[in-house]
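For reference, the structure discussed in these notes is given below.
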Amino acid sequence: MIKTSNTTKDITQTKEIPNSEKLLSIILSLLEDRKAVDIRTINLKDKSTIGDFMVLASGQSSRQVITLSNYVMRTLKNIGISGTKPEGAKNGDWILIDAGDIILHLFRPEVREFYNLEKMWEAYMASPDEGENL
């Protein structure tokens with residue numbers, strides 16, 4: 001049985017698909033409960049069409065990254081978000097989960113540092129003219 005936070009329990013019991021803010025709260029709570037580190041949220045609302053929020057988090061090992069992904073996927077399924085498939089789950093270095101309005105990146109710390117998505121997105125978000133293209 002998966003231990004979940006009260007926020008996650010409340011949502012999974014209602015079977016009501018949450019809006020992007022509520023889904024973000026559920027995902028962040030789940031990541032914190034499962035000891036993800038360096039959790040960062042990037043607000044994409046009104047800046048990109050790929051989603052409302054991007055969440056980046058790290059696990060201490062490939063095994064933890066895969067486990068975090070499994071817990072998120074199980075929770076998404078329990079709240080009625082189906083058809084989501086994690087990308088990169090075999091090796092656990094970098095797993096991408098597209099949950100509709102929330103895009104979740106789970107990394108091992110070395111891989112996250114190498115790709116440095118935060119820096120790339122910060123540069124993009126700072127350029128107001130570029131926000132229309134994504």
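Residue numbers start at 1 in each chain; chains themselves are named A, B, ... in the order of the structure tokens; ligands are numbered from 1 in the order shown.
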
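Backbone DSSP assigns strand (DSSP E or B) in segment 7-122 of chain A to Val37, Asp38, Ile39, Arg40, Thr41, Ile42, Asn43, Phe53, Met54, Val55, Leu56, Ala57, Ser58, Glu87, Trp94, Ile95, Leu96, Ile97, Asp98, Ile102, Ile103, Leu104, His105, Leu106 and Phe107 of chain A.
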
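Take atom CA of Leu104 of chain A and atom CA of Val55 of chain A: the distance between them is 4.8 Å.
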
Residue contacts of Gly88 of chain A (12 Å, only C-alpha atoms) excluding same-chain residues fewer than 5 positions away, as an mmCIF file with N, CA and C atoms, in the first residue's frame:
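So the final result, stored in around.cif, reads:
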```cif
data_model
loop_
_atom_site.group_PDB
_atom_site.id
_atom_site.type_symbol
_atom_site.label_atom_id
_atom_site.label_comp_id
_atom_site.auth_asym_id
_atom_site.auth_seq_id
_atom_site.Cartn_x
_atom_site.Cartn_y
_atom_site.Cartn_z
ATOM 1 N N SER A 62 19.279 6.144 -9.442
ATOM 2 C CA SER A 62 18.362 5.722 -10.514
ATOM 3 C C SER A 62 17.149 5.007 -9.926
ATOM 4 N N VAL A 65 14.733 7.543 -8.581
ATOM 5 C CA VAL A 65 14.071 8.260 -9.674
ATOM 6 C C VAL A 65 12.958 7.393 -10.267
ATOM 7 N N ILE A 66 13.243 6.124 -10.491
ATOM 8 C CA ILE A 66 12.231 5.202 -11.017
ATOM 9 C C ILE A 66 11.080 5.048 -10.034
ATOM 10 N N SER A 69 8.870 8.067 -10.073
ATOM 11 C CA SER A 69 8.042 8.006 -11.276
ATOM 12 C C SER A 69 6.866 7.050 -11.093
ATOM 13 N N ASP A 93 17.805 7.633 -15.369
ATOM 14 C CA ASP A 93 18.652 8.823 -15.307
ATOM 15 C C ASP A 93 17.813 10.094 -15.384
ATOM 16 N N TRP A 94 16.856 10.097 -16.317
ATOM 17 C CA TRP A 94 15.983 11.248 -16.533
ATOM 18 C C TRP A 94 14.644 10.697 -17.000
ATOM 19 N N ILE A 95 13.617 10.927 -16.226
ATOM 20 C CA ILE A 95 12.286 10.451 -16.579
ATOM 21 C C ILE A 95 11.382 11.658 -16.791
ATOM 22 N N LEU A 96 10.696 11.651 -17.914
ATOM 23 C CA LEU A 96 9.756 12.717 -18.260
ATOM 24 C C LEU A 96 8.342 12.170 -18.166
ATOM 25 N N ILE A 97 7.490 12.891 -17.438
ATOM 26 C CA ILE A 97 6.074 12.529 -17.345
ATOM 27 C C ILE A 97 5.265 13.739 -17.795
ATOM 28 N N HIS A 105 9.877 16.473 -14.776
ATOM 29 C CA HIS A 105 11.186 15.920 -15.092
ATOM 30 C C HIS A 105 11.792 15.399 -13.787
ATOM 31 N N LEU A 106 12.143 14.128 -13.770
ATOM 32 C CA LEU A 106 12.810 13.517 -12.618
ATOM 33 C C LEU A 106 14.211 13.112 -13.058
ATOM 34 N N PHE A 107 15.209 13.517 -12.295
ATOM 35 C CA PHE A 107 16.602 13.312 -12.676
ATOM 36 C C PHE A 107 17.419 12.678 -11.560
ATOM 37 N N ARG A 108 18.516 12.042 -11.954
ATOM 38 C CA ARG A 108 19.621 11.836 -11.039
ATOM 39 C C ARG A 108 20.360 13.173 -11.006
#
```

Tell me, as a ChimeraX atom specification, which residues lie within 6 Å of segment 27-43 of chain A, counting only C-alpha atoms; anything in the same chain fewer than 6 positions away does not count.
/A:53-59

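A straight line drawn from atom CA of Ile50 of chain A to atom CA of Ile102 of chain A is 8.7 Å long.
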
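Interatomic distance, atom CA of Pro109 of chain A against atom CA of Gln60 of chain A: 6.8 Å.
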
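Comparing the minimum interatomic distances between Ser82 of chain A and each of A:Val111, A:Ala99, A:Leu44, A:Ile26, counting only C-alpha atoms, we find that A:Ala99 sits nearest.
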
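Between Ile17 of chain A and the candidates A:Glu118, A:Glu113, A:Asp52, A:Asp101, the tightest atom-to-atom separation, counting only C-alpha atoms, involves A:Asp101.
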